[in-house]
Every structure is written in C-alpha cells, then in structure tokens.
>>> print(open('work17.tsv').read())   # TSV, C-alpha atoms
chain	number	residue	atom	x	y	z
A	412	MET	CA	126.81	116.20	103.58
A	413	PRO	CA	124.36	119.10	103.85
A	414	ARG	CA	121.56	118.69	106.32
A	415	ARG	CA	118.12	118.16	104.88
A	416	SER	CA	115.57	120.87	105.46
A	417	THR	CA	112.07	120.31	106.72
A	418	GLN	CA	110.72	121.07	103.24
A	419	GLU	CA	112.24	117.83	101.93
A	420	TRP	CA	110.03	115.70	104.17
A	421	ILE	CA	106.37	114.97	103.60
A	422	ARG	CA	103.64	113.27	105.58
A	423	LEU	CA	101.59	110.85	103.50
A	424	SER	CA	98.66	111.07	105.92
A	425	LEU	CA	97.07	114.05	107.62
A	426	ARG	CA	96.14	112.04	110.69
A	427	THR	CA	97.59	112.92	114.07
A	428	PRO	CA	100.81	110.91	114.60
A	429	GLY	CA	100.46	107.84	116.78
A	430	ILE	CA	103.11	108.91	119.28
A	431	LEU	CA	101.18	112.08	120.06
A	432	ILE	CA	97.90	110.21	120.43
A	433	PHE	CA	99.59	107.73	122.77
A	434	GLY	CA	101.02	110.49	124.94
A	435	MET	CA	97.79	112.48	125.09
A	436	VAL	CA	95.89	109.38	126.24
A	437	MET	CA	98.41	108.10	128.79
A	438	ALA	CA	99.04	111.45	130.49
A	439	PRO	CA	95.44	112.16	131.65
A	440	CYS	CA	95.04	108.55	132.79
A	441	GLY	CA	98.22	108.81	134.84
A	442	TRP	CA	97.11	112.15	136.28
A	443	VAL	CA	93.82	110.67	137.53
A	444	LEU	CA	95.64	107.76	139.18
A	445	ASP	CA	98.17	110.09	140.80
A	446	LEU	CA	95.38	112.31	142.10
A	447	THR	CA	93.72	109.31	143.72
A	448	ALA	CA	97.01	108.17	145.24
A	449	THR	CA	97.64	111.66	146.63
A	450	VAL	CA	94.26	112.24	148.22
A	451	ALA	CA	93.27	108.77	149.43
A	452	PRO	CA	94.53	107.82	152.93
A	453	ASN	CA	95.84	104.36	152.15
A	454	TRP	CA	99.57	104.31	151.56
A	455	ARG	CA	99.91	101.55	154.12
A	456	THR	CA	97.58	99.50	156.33
A	457	ILE	CA	98.32	98.49	159.92
A	458	SER	CA	96.35	95.54	161.27
A	459	ASN	CA	96.44	93.20	164.29
A	460	ILE	CA	96.94	96.16	166.61
A	461	PRO	CA	97.26	95.24	170.30
A	462	ASN	CA	94.34	96.11	172.61
A	463	THR	CA	91.99	96.64	169.66
A	464	PRO	CA	89.36	94.42	167.99
A	465	SER	CA	90.81	91.84	165.65
A	466	ASP	CA	88.87	93.22	162.67
A	467	SER	CA	90.10	96.78	163.24
A	468	PHE	CA	92.87	98.31	161.14
A	469	ILE	CA	94.37	101.73	160.48
A	470	GLN	CA	94.96	103.25	157.04
A	471	GLN	CA	97.70	105.86	156.80
A	472	GLY	CA	98.18	108.26	153.89
A	473	ILE	CA	100.22	111.39	153.40
A	474	TRP	CA	97.37	113.74	154.36
A	475	ASP	CA	95.06	111.77	156.64
A	476	ILE	CA	94.80	108.71	158.87
A	477	CYS	CA	91.62	106.64	159.14
A	478	ARG	CA	90.46	103.79	161.37
A	479	ALA	CA	88.08	101.18	159.95
A	480	THR	CA	86.86	97.65	160.54
A	481	SER	CA	86.23	94.81	158.14
A	482	THR	CA	82.62	94.50	159.31
A	483	ASN	CA	81.74	98.18	159.08
A	484	THR	CA	82.04	100.30	155.96
A	485	ARG	CA	82.18	103.57	157.89
A	486	GLU	CA	85.62	104.96	158.63
A	487	GLU	CA	86.83	107.23	161.39
A	488	CYS	CA	89.23	109.70	159.80
A	489	ASN	CA	91.17	112.82	160.85
A	490	LEU	CA	93.14	110.89	163.47
A	491	GLN	CA	96.01	112.84	164.98
A	492	ASP	CA	99.51	111.38	164.75
A	493	THR	CA	102.23	114.01	164.90
A	494	THR	CA	104.92	111.35	164.96
A	495	TYR	CA	103.80	109.91	161.62
A	496	PHE	CA	103.37	113.25	159.88
A	497	GLY	CA	106.73	114.40	161.21
A	498	ASN	CA	108.64	111.83	159.14
A	499	GLN	CA	110.76	113.22	156.33
A	500	ILE	CA	109.24	110.91	153.75
A	501	ILE	CA	105.76	112.28	154.46
A	502	GLU	CA	106.84	115.87	153.90
A	503	VAL	CA	108.73	114.97	150.72
A	504	ALA	CA	105.82	112.90	149.41
A	505	GLN	CA	103.36	115.74	150.01
A	506	GLY	CA	105.47	118.22	148.08
A	507	LEU	CA	106.39	115.94	145.18
A	508	MET	CA	102.91	114.50	144.65
A	509	VAL	CA	101.30	117.94	144.52
A	510	ALA	CA	104.06	119.22	142.25
A	511	SER	CA	103.58	116.21	139.99
A	512	LEU	CA	99.88	116.97	139.56
A	513	ILE	CA	100.59	120.60	138.71
A	514	VAL	CA	103.40	119.81	136.26
A	515	THR	CA	101.21	117.26	134.49
A	516	LEU	CA	98.52	119.87	133.92
A	517	ILE	CA	101.09	122.35	132.64
A	518	GLY	CA	102.54	119.70	130.32
A	519	LEU	CA	99.10	118.94	128.88
A	520	ALA	CA	98.38	122.65	128.42
A	521	VAL	CA	101.66	123.05	126.52
A	522	ALA	CA	101.28	119.88	124.44
A	523	ILE	CA	97.69	120.44	123.30
A	524	PRO	CA	98.45	123.39	120.96
A	525	GLY	CA	101.34	121.45	119.43
A	526	VAL	CA	99.43	118.27	118.71
A	527	ARG	CA	98.18	119.34	115.28
A	528	CYS	CA	95.35	121.44	116.67
A	529	TRP	CA	94.09	123.89	114.01
A	530	LYS	CA	97.09	123.09	111.79
A	531	ASP	CA	97.98	120.63	109.05
A	532	ARG	CA	101.33	119.71	110.61
A	533	PRO	CA	102.08	119.20	114.33
A	534	ASN	CA	104.36	121.63	116.09
A	535	TRP	CA	106.89	119.06	117.17
A	536	THR	CA	108.89	121.43	119.34
A	537	VAL	CA	105.90	122.50	121.43
A	538	ALA	CA	104.55	118.94	121.65
A	539	GLY	CA	107.97	117.63	122.66
A	540	LEU	CA	108.29	120.26	125.38
A	541	GLY	CA	104.91	119.24	126.75
A	542	GLY	CA	106.00	115.61	126.67
A	543	LEU	CA	109.14	116.48	128.63
A	544	LEU	CA	107.06	118.12	131.36
A	545	ILE	CA	104.78	115.09	131.54
A	546	PHE	CA	107.81	112.83	131.77
A	547	LEU	CA	109.22	114.85	134.67
A	548	SER	CA	105.88	114.71	136.47
A	549	GLY	CA	105.94	110.92	136.27
A	550	VAL	CA	109.44	110.87	137.74
A	551	MET	CA	108.28	113.12	140.59
A	552	THR	CA	105.53	110.60	141.31
A	553	ILE	CA	107.76	107.53	141.28
A	554	ILE	CA	110.35	109.00	143.66
A	555	PRO	CA	108.17	109.33	146.80
A	556	ILE	CA	106.23	106.15	145.97
A	557	ALA	CA	109.38	104.07	145.67
A	558	TRP	CA	110.96	105.69	148.73
A	559	TYR	CA	107.89	105.11	150.89
A	560	THR	CA	107.71	101.46	149.74
A	561	HIS	CA	111.38	100.93	150.57
A	562	ILE	CA	110.99	102.14	154.18
A	563	LEU	CA	107.42	100.91	154.60
A	564	THR	CA	107.99	99.35	158.01
A	565	GLU	CA	110.46	102.01	159.18
A	566	VAL	CA	108.08	104.98	159.10
A	567	SER	CA	107.52	105.82	162.76
A	568	THR	CA	104.04	106.20	164.22
A	569	VAL	CA	102.33	106.17	167.62
A	570	THR	CA	100.38	103.06	166.58
A	571	PRO	CA	102.21	99.81	167.40
A	572	LEU	CA	103.34	98.12	164.19
A	573	ALA	CA	102.00	94.60	164.22
A	574	THR	CA	101.22	93.78	160.57
A	575	VAL	CA	102.04	96.33	157.89
A	576	ARG	CA	100.78	95.98	154.33
A	577	VAL	CA	101.09	98.12	151.24
A	578	GLY	CA	98.01	100.23	150.54
A	579	TYR	CA	96.27	100.62	147.21
A	580	CYS	CA	97.59	104.18	146.86
A	581	ILE	CA	101.08	102.80	146.31
A	582	ILE	CA	99.83	100.60	143.47
A	583	LEU	CA	97.89	103.43	141.87
A	584	GLY	CA	100.87	105.75	142.24
A	585	TYR	CA	103.19	103.30	140.50
A	586	ILE	CA	100.77	102.79	137.61
A	587	GLY	CA	100.06	106.52	137.24
A	588	GLY	CA	103.75	107.43	137.31
A	589	ILE	CA	104.60	104.79	134.70
A	590	PHE	CA	101.77	106.03	132.47
A	591	GLU	CA	103.11	109.56	132.63
A	592	ILE	CA	106.71	108.50	132.05
A	593	LEU	CA	105.80	106.42	129.00
A	594	GLY	CA	103.44	109.03	127.56
A	595	GLY	CA	105.85	111.91	128.08
A	596	PHE	CA	108.83	110.01	126.69
A	597	VAL	CA	106.99	108.91	123.56
A	598	MET	CA	105.86	112.49	122.91
A	599	PHE	CA	109.34	113.86	123.54
A	600	ILE	CA	111.07	111.60	120.99
A	601	GLY	CA	109.00	113.33	118.31
A	602	ILE	CA	111.06	116.50	118.81
A	603	CYS	CA	113.79	114.96	116.65
A	604	ARG	CA	113.38	113.00	113.43
A	605	CYS	CA	114.76	109.49	113.77
A	606	CYS	CA	114.38	106.06	112.13
A	607	GLY	CA	114.04	107.71	108.75
A	608	GLY	CA	111.16	109.89	109.91
A	609	LYS	CA	109.03	106.91	110.97
A	610	ASN	CA	108.52	108.30	114.46
A	611	ARG	CA	106.79	111.29	112.88
A	612	GLY	CA	105.15	109.39	110.06
A	613	GLU	CA	107.20	111.32	107.48
A	614	THR	CA	108.94	110.25	104.29
A	615	ARG	CA	111.51	111.96	102.12
A	616	VAL	CA	110.09	113.67	99.06
A	617	ASP	CA	112.64	112.07	96.73
A	618	GLU	CA	111.69	108.60	97.97
A	619	VAL	CA	108.03	109.27	97.26
A	620	THR	CA	108.69	110.64	93.79
A	621	SER	CA	111.02	107.78	92.88
A	622	ARG	CA	108.50	105.28	94.13
A	623	PHE	CA	105.78	106.61	91.87
A	624	SER	CA	108.09	107.14	88.90
A	625	HIS	CA	109.28	103.52	88.90
A	626	GLN	CA	105.83	102.18	89.41
A	627	LYS	CA	104.41	101.16	86.02
A	628	PRO	CA	100.69	100.85	85.48
A	629	PRO	CA	99.54	97.28	84.93
A	630	PRO	CA	98.81	96.37	81.30
A	631	ARG	CA	95.23	96.80	80.32
A	632	ARG	CA	93.56	93.61	79.32
A	633	VAL	CA	91.24	93.88	76.35
A	634	GLU	CA	88.69	91.19	75.77
A	635	VAL	CA	88.56	90.35	72.07
A	636	PRO	CA	85.55	88.29	70.94
A	637	SER	CA	86.44	85.00	69.27
A	638	LEU	CA	85.72	84.70	65.56
A	639	ASN	CA	85.81	80.92	65.55
A	640	ARG	CA	82.15	80.19	65.89
A	641	ALA	CA	80.91	76.68	65.80
A	642	ARG	CA	78.86	75.86	62.79
A	643	SER	CA	75.37	75.06	63.83
A	644	SER	CA	73.53	72.02	62.65
A	645	ALA	CA	70.86	74.25	61.19
A	646	SER	CA	73.18	75.19	58.36
A	647	SER	CA	72.96	71.66	56.99
A	648	SER	CA	69.24	71.98	56.68
A	649	VAL	CA	69.39	74.79	54.09
A	650	PRO	CA	67.86	73.48	50.84
A	651	TYR	CA	70.85	74.31	48.71
A	652	SER	CA	73.29	71.84	47.26
A	653	LYS	CA	76.89	72.37	46.41
A	654	ASP	CA	76.12	72.48	42.72
A	655	SER	CA	73.43	75.08	43.12
A	656	MET	CA	75.76	77.30	45.08
A	657	GLU	CA	78.32	77.16	42.29
A	658	GLU	CA	75.84	78.14	39.61
A	659	ASP	CA	75.99	81.63	38.30
A	660	VAL	CA	73.49	83.84	39.99
A	661	SER	CA	71.74	86.24	37.68
A	662	PHE	CA	72.31	89.82	38.76
A	663	PRO	CA	71.16	92.23	36.08
A	664	ARG	CA	73.47	95.04	37.10
A	665	ALA	CA	76.39	92.75	37.56
A	666	LYS	CA	76.18	91.24	34.09
A	667	SER	CA	77.86	92.97	31.19
A	668	PRO	CA	75.51	93.69	28.25
A	669	ALA	CA	75.81	91.29	25.32
A	670	ALA	CA	77.30	92.55	22.10
A	671	ARG	CA	74.66	93.51	19.48
A	672	SER	CA	74.80	91.41	16.30
A	673	VAL	CA	75.06	93.28	13.07
A	674	ASN	CA	73.64	91.94	9.81
A	675	THR	CA	76.40	92.55	7.36
A	676	SER	CA	74.38	91.23	4.44
A	677	TYR	CA	72.06	94.17	4.56
A	678	SER	CA	73.43	96.95	2.52
A	679	GLY	CA	70.57	99.29	2.68
A	680	ARG	CA	70.66	102.74	4.10
A	681	PRO	CA	70.30	103.18	7.82
A	682	TYR	CA	66.91	104.80	7.66
A	683	ASP	CA	65.43	102.04	5.58
A	684	ALA	CA	65.37	99.78	8.58
A	685	ASP	CA	62.87	102.03	10.28
A	686	LEU	CA	60.34	101.76	7.45
>>> encode(input="work17.tsv", output="structure tokens")
Amino acid sequence: MPRRSTQEWIRLSLRTPGILIFGMVMAPCGWVLDLTATVAPNWRTISNIPNTPSDSFIQQGIWDICRATSTNTREECNLQDTTYFGNQIIEVAQGLMVASLIVTLIGLAVAIPGVRCWKDRPNWTVAGLGGLLIFLSGVMTIIPIAWYTHILTEVSTVTPLATVRVGYCIILGYIGGIFEILGGFVMFIGICRCCGGKNRGETRVDEVTSRFSHQKPPPRRVEVPSLNRARSSASSSVPYSKDSMEEDVSFPRAKSPAARSVNTSYSGRPYDADL
C-alpha cells in the first residue's frame, strides 16, 4: 500500500498542538528546579554530630558545605572538606548537572522555532529534535541524583556521620528531572504520526470530506398558520337572518338587462312613434 503524503493530512484547528504546549511548559519548570538543586548546598544533612551543639547540623552539596543551627538563620558556608569533594559521585554529579542545564537550554532553543512560531504548521522534525535534547537532559539529571541517594550514607567525609538525612536538593532534582523527561518525551513523539494523527491533531482529508458529504442538513421547519379559526360569538349578533342572506341581492352591474317588450299590434311606421 503506498504511503500517504503529508498533503493528505489536515489540521482542523490552527492552535498549537497540546503535546508541544505540554513540553514547552514542563521543560522550563524542570530547568529551574535542576538549577536550584545544582547550586544549593543541601544534598544531604548531617545532624547529631559529636562534640557540637545539639541544634547544629551540616548541609553538604556538590559545590559547597554549610554549617547552620536550628535557632539561627545565618549559615556558615565555604567549609573545606577535601575528603567529601574527592568522592567520585561528587565529580560525576558536578559534570552531569551542569551538562543537564546546558542541554536543556539548547533543547529549548531548538524546539522554539519548530513549535509553530511564525508558521501555520509546526515543524515537527525540529520540535522533536528539541524534545529529544530535553529528554536527555532529564536523564542526565536523574543519574547523579539517583546514584547519590543510593550511596547516601557511604559518601566519605571528615565529619562523623551520626544522623544522615536526604536534603531538599535531591527532591527538587528528582522532580526537575521527571519534568524534563516527560516534557521531552511528549514533544519527541510528535516527530512521527501515530494513533491516526491524533498526537498531532491531524485528520485525513478523505475522512473530513466524507464526513461532510454524508452529513445532511436538518429539514427546515416552516410554521404554517392555522386556517381553522374559532367562530366568535359576535357573529351571532349580526342582524341578518338566514332568509335574508338567501335573498337575491340587487347588483345593477351583475343583473342582465330585461328584454324590451314590443307592441306587435302597432303597425305604424317607426318614425310615427316619435311624433
């Protein structure tokens, strides 16, 4: 069976397809969350440290380490810990998180011209390529986040590990990575037409024409006034009887002229009658 060309498909609406709107909303949201997870120093929190106040705790990220207390909002950052920053997971996380931020921006820059901008129809190939880049950026975010969570208590540090808890950066990283994966995947599936063109909001031309050809206009209803009017009681008050209605009405023009009688007994000449 010959493959259908793109000219045999039509979009019934000129609105931007929903899959592209979804991807273009999820990707920037995921990028903001990943940026926060990358910069903020709270991938894990160490509390109940020996020889320190009970309300003191240390927050460790991939770029910085801070010391804070629950009673004081001020934090002491830029703590030195060569043992912690020398772990392999820290180096991998630094590289992948930065690469994820850059790839997301590149994916958005590629996808924006393809998402129907200045055109009647989206450029599905360009938009799908941008979605693929955004998808890969989400994967690059999930890898270090999941790895760090798996070995949360095994990451070595000079600070004694008493109580280790997951920091908020891990949560934000998971959410941001999932947003990018979902947004990029949804945009990428638009590169191919599937489900009868529903993913692109398209319909075959022959289906549209057949739909309108078989559709008959509804019959037009014409209101006809009723001729059966009720006889009013005022008609009985007309001073005419049945007999009077049956009498011959004198209409001069309607009556035929009566035949003129001729006196046959008169035998005179015609002009004598005038004398």
>>> closest_residue(input="work17.tsv", among="A:Met598, A:Met551, A:Ala448, A:Val569", to="Val503 in chain A", atoms="all atoms listed in the file")
A:Met551
>>> residues_around(input="work17.tsv", residues="range 485-496 of chain A", least_positions_apart="3", cutoff="8 Å", atoms="only C-alpha atoms", output="PyMOL selection string")
chain A and resi 473+475-480+501-502+566-569
>>> write_last_selection(input="work17.tsv", atoms="C-alpha atoms", output="PDB file, keeping the file's coordinate frame")
ATOM      1  CA  ILE A 473     100.220 111.390 153.400  1.00  0.00           C
ATOM      2  CA  ASP A 475      95.060 111.770 156.640  1.00  0.00           C
ATOM      3  CA  ILE A 476      94.800 108.710 158.870  1.00  0.00           C
ATOM      4  CA  CYS A 477      91.620 106.640 159.140  1.00  0.00           C
ATOM      5  CA  ARG A 478      90.460 103.790 161.370  1.00  0.00           C
ATOM      6  CA  ALA A 479      88.080 101.180 159.950  1.00  0.00           C
ATOM      7  CA  THR A 480      86.860  97.650 160.540  1.00  0.00           C
ATOM      8  CA  ILE A 501     105.760 112.280 154.460  1.00  0.00           C
ATOM      9  CA  GLU A 502     106.840 115.870 153.900  1.00  0.00           C
ATOM     10  CA  VAL A 566     108.080 104.980 159.100  1.00  0.00           C
ATOM     11  CA  SER A 567     107.520 105.820 162.760  1.00  0.00           C
ATOM     12  CA  THR A 568     104.040 106.200 164.220  1.00  0.00           C
ATOM     13  CA  VAL A 569     102.330 106.170 167.620  1.00  0.00           C
TER      14      VAL A 569
END
>>> closest_residue(input="work17.tsv", among="A:Pro524, A:Gly434, A:Gly578, A:Gly518", to="Gln471 in chain A", atoms="only C-alpha atoms")
A:Gly578
>>> residues_around(input="work17.tsv", residues="range 456-464 of chain A", least_positions_apart="5", cutoff="8 Å", atoms="all atoms listed in the file", output="count of residues only")
12
>>> residues_around(input="work17.tsv", residues="Ile553 in chain A", least_positions_apart="2", cutoff="12 Å", atoms="all atoms listed in the file", output="PyMOL selection string")
chain A and resi 441+445+448+504+507-508+511+546-551+555-561+581-592
>>> closest_residue(input="work17.tsv", among="A:Ala538, A:Leu444, A:Thr564, A:Gln505", to="Gly472 in chain A", atoms="all atoms listed in the file")
A:Gln505
>>> closest_residue(input="work17.tsv", among="A:Asn453, A:Val597, A:Gly539, A:Gly497", to="Val526 in chain A", atoms="all atoms listed in the file")
A:Gly539
>>> atom_distance(input="work17.tsv", atom1="CA of Phe468 in chain A", atom2="CA of Ile554 in chain A")
26.9 Å
>>> atom_distance(input="work17.tsv", atom1="CA of Trp474 in chain A", atom2="CA of Ala520 in chain A")
27.4 Å
>>> atom_distance(input="work17.tsv", atom1="CA of Trp454 in chain A", atom2="CA of Cys580 in chain A")
5.1 Å
>>> residues_around(input="work17.tsv", residues="Ile430 in chain A", least_positions_apart="4", cutoff="12 Å", atoms="only C-alpha atoms", output="number ranges by chain")
A: 426, 434-437, 526, 533, 535, 538-539, 542, 593-602, 609-612
>>> closest_residue(input="work17.tsv", among="A:Leu563, A:Ile545, A:Ala451, A:Ala522", to="Ala438 in chain A", atoms="all atoms listed in the file")
A:Ile545
>>> axis_aligned_box(input="work17.tsv", around="range 531-537 of chain A", padding_each_side="4 Å", output="AutoDock Vina command-line options")
--center_x 103.4 --center_y 120.8 --center_z 115.2 --size_x 18.9 --size_y 11.4 --size_z 20.4
>>> build_atoms(input="work17.tsv", residues="range 471-482 of chain A", atoms="all heavy atoms", output="compact mmCIF listing (two decimals), keeping the file's coordinate frame")
# COMPACT_ATOMS: atom_id res chain seq x y z
N GLN A 471 96.90 104.64 156.71
CA GLN A 471 97.70 105.86 156.80
C GLN A 471 98.06 106.34 155.40
O GLN A 471 98.56 105.58 154.58
CB GLN A 471 98.98 105.60 157.61
CG GLN A 471 98.72 105.28 159.07
CD GLN A 471 99.99 105.01 159.84
OE1 GLN A 471 101.00 104.61 159.26
NE2 GLN A 471 99.96 105.22 161.15
N GLY A 472 97.79 107.62 155.15
CA GLY A 472 98.18 108.26 153.89
C GLY A 472 99.16 109.37 154.16
O GLY A 472 99.78 109.44 155.22
N ILE A 473 99.30 110.27 153.20
CA ILE A 473 100.22 111.39 153.40
C ILE A 473 99.47 112.64 153.87
O ILE A 473 100.12 113.65 154.18
CB ILE A 473 101.01 111.69 152.10
CG1 ILE A 473 100.06 112.05 150.95
CG2 ILE A 473 101.87 110.49 151.72
CD1 ILE A 473 100.77 112.47 149.68
N TRP A 474 98.15 112.59 153.89
CA TRP A 474 97.37 113.74 154.36
C TRP A 474 96.43 113.39 155.51
O TRP A 474 96.03 114.29 156.25
CB TRP A 474 96.55 114.34 153.22
CG TRP A 474 97.36 114.84 152.07
CD1 TRP A 474 97.59 114.19 150.90
CD2 TRP A 474 98.08 116.06 152.00
NE1 TRP A 474 98.40 114.95 150.09
CE2 TRP A 474 98.72 116.11 150.75
CE3 TRP A 474 98.25 117.14 152.89
CZ2 TRP A 474 99.51 117.18 150.35
CZ3 TRP A 474 99.05 118.21 152.48
CH2 TRP A 474 99.67 118.23 151.23
N ASP A 475 96.07 112.14 155.64
CA ASP A 475 95.06 111.77 156.64
C ASP A 475 95.31 110.35 157.11
O ASP A 475 95.97 109.55 156.45
CB ASP A 475 93.66 111.91 156.04
CG ASP A 475 92.58 111.97 157.11
OD1 ASP A 475 92.92 111.97 158.31
OD2 ASP A 475 91.37 112.01 156.72
N ILE A 476 94.74 110.05 158.28
CA ILE A 476 94.80 108.71 158.87
C ILE A 476 93.38 108.32 159.26
O ILE A 476 92.66 109.11 159.88
CB ILE A 476 95.72 108.67 160.11
CG1 ILE A 476 97.15 109.04 159.72
CG2 ILE A 476 95.69 107.28 160.76
CD1 ILE A 476 98.10 109.11 160.91
N CYS A 477 92.98 107.11 158.88
CA CYS A 477 91.62 106.64 159.14
C CYS A 477 91.67 105.30 159.86
O CYS A 477 92.59 104.51 159.66
CB CYS A 477 90.81 106.51 157.85
SG CYS A 477 90.59 108.07 156.97
N ARG A 478 90.62 105.07 160.70
CA ARG A 478 90.46 103.79 161.37
C ARG A 478 89.17 103.15 160.84
O ARG A 478 88.13 103.81 160.73
CB ARG A 478 90.36 103.97 162.89
CG ARG A 478 90.25 102.66 163.67
CD ARG A 478 89.90 102.94 165.13
NE ARG A 478 90.88 103.82 165.75
CZ ARG A 478 91.99 103.39 166.33
NH1 ARG A 478 92.26 102.10 166.38
NH2 ARG A 478 92.82 104.26 166.87
N ALA A 479 89.24 101.88 160.51
CA ALA A 479 88.08 101.18 159.95
C ALA A 479 88.11 99.74 160.44
O ALA A 479 89.08 99.27 161.03
CB ALA A 479 88.10 101.23 158.43
N THR A 480 87.00 99.07 160.20
CA THR A 480 86.86 97.65 160.54
C THR A 480 86.38 96.91 159.30
O THR A 480 85.77 97.48 158.39
CB THR A 480 85.86 97.44 161.69
OG1 THR A 480 84.58 97.96 161.30
CG2 THR A 480 86.34 98.15 162.96
N SER A 481 86.64 95.62 159.29
CA SER A 481 86.23 94.81 158.14
C SER A 481 84.74 94.54 158.12
O SER A 481 84.20 94.16 157.08
CB SER A 481 87.00 93.48 158.16
OG SER A 481 86.77 92.79 159.38
N THR A 482 84.06 94.74 159.25
CA THR A 482 82.62 94.50 159.31
C THR A 482 81.81 95.77 159.14
O THR A 482 80.59 95.70 158.99
CB THR A 482 82.26 93.85 160.65
OG1 THR A 482 82.67 94.70 161.73
CG2 THR A 482 82.93 92.49 160.78
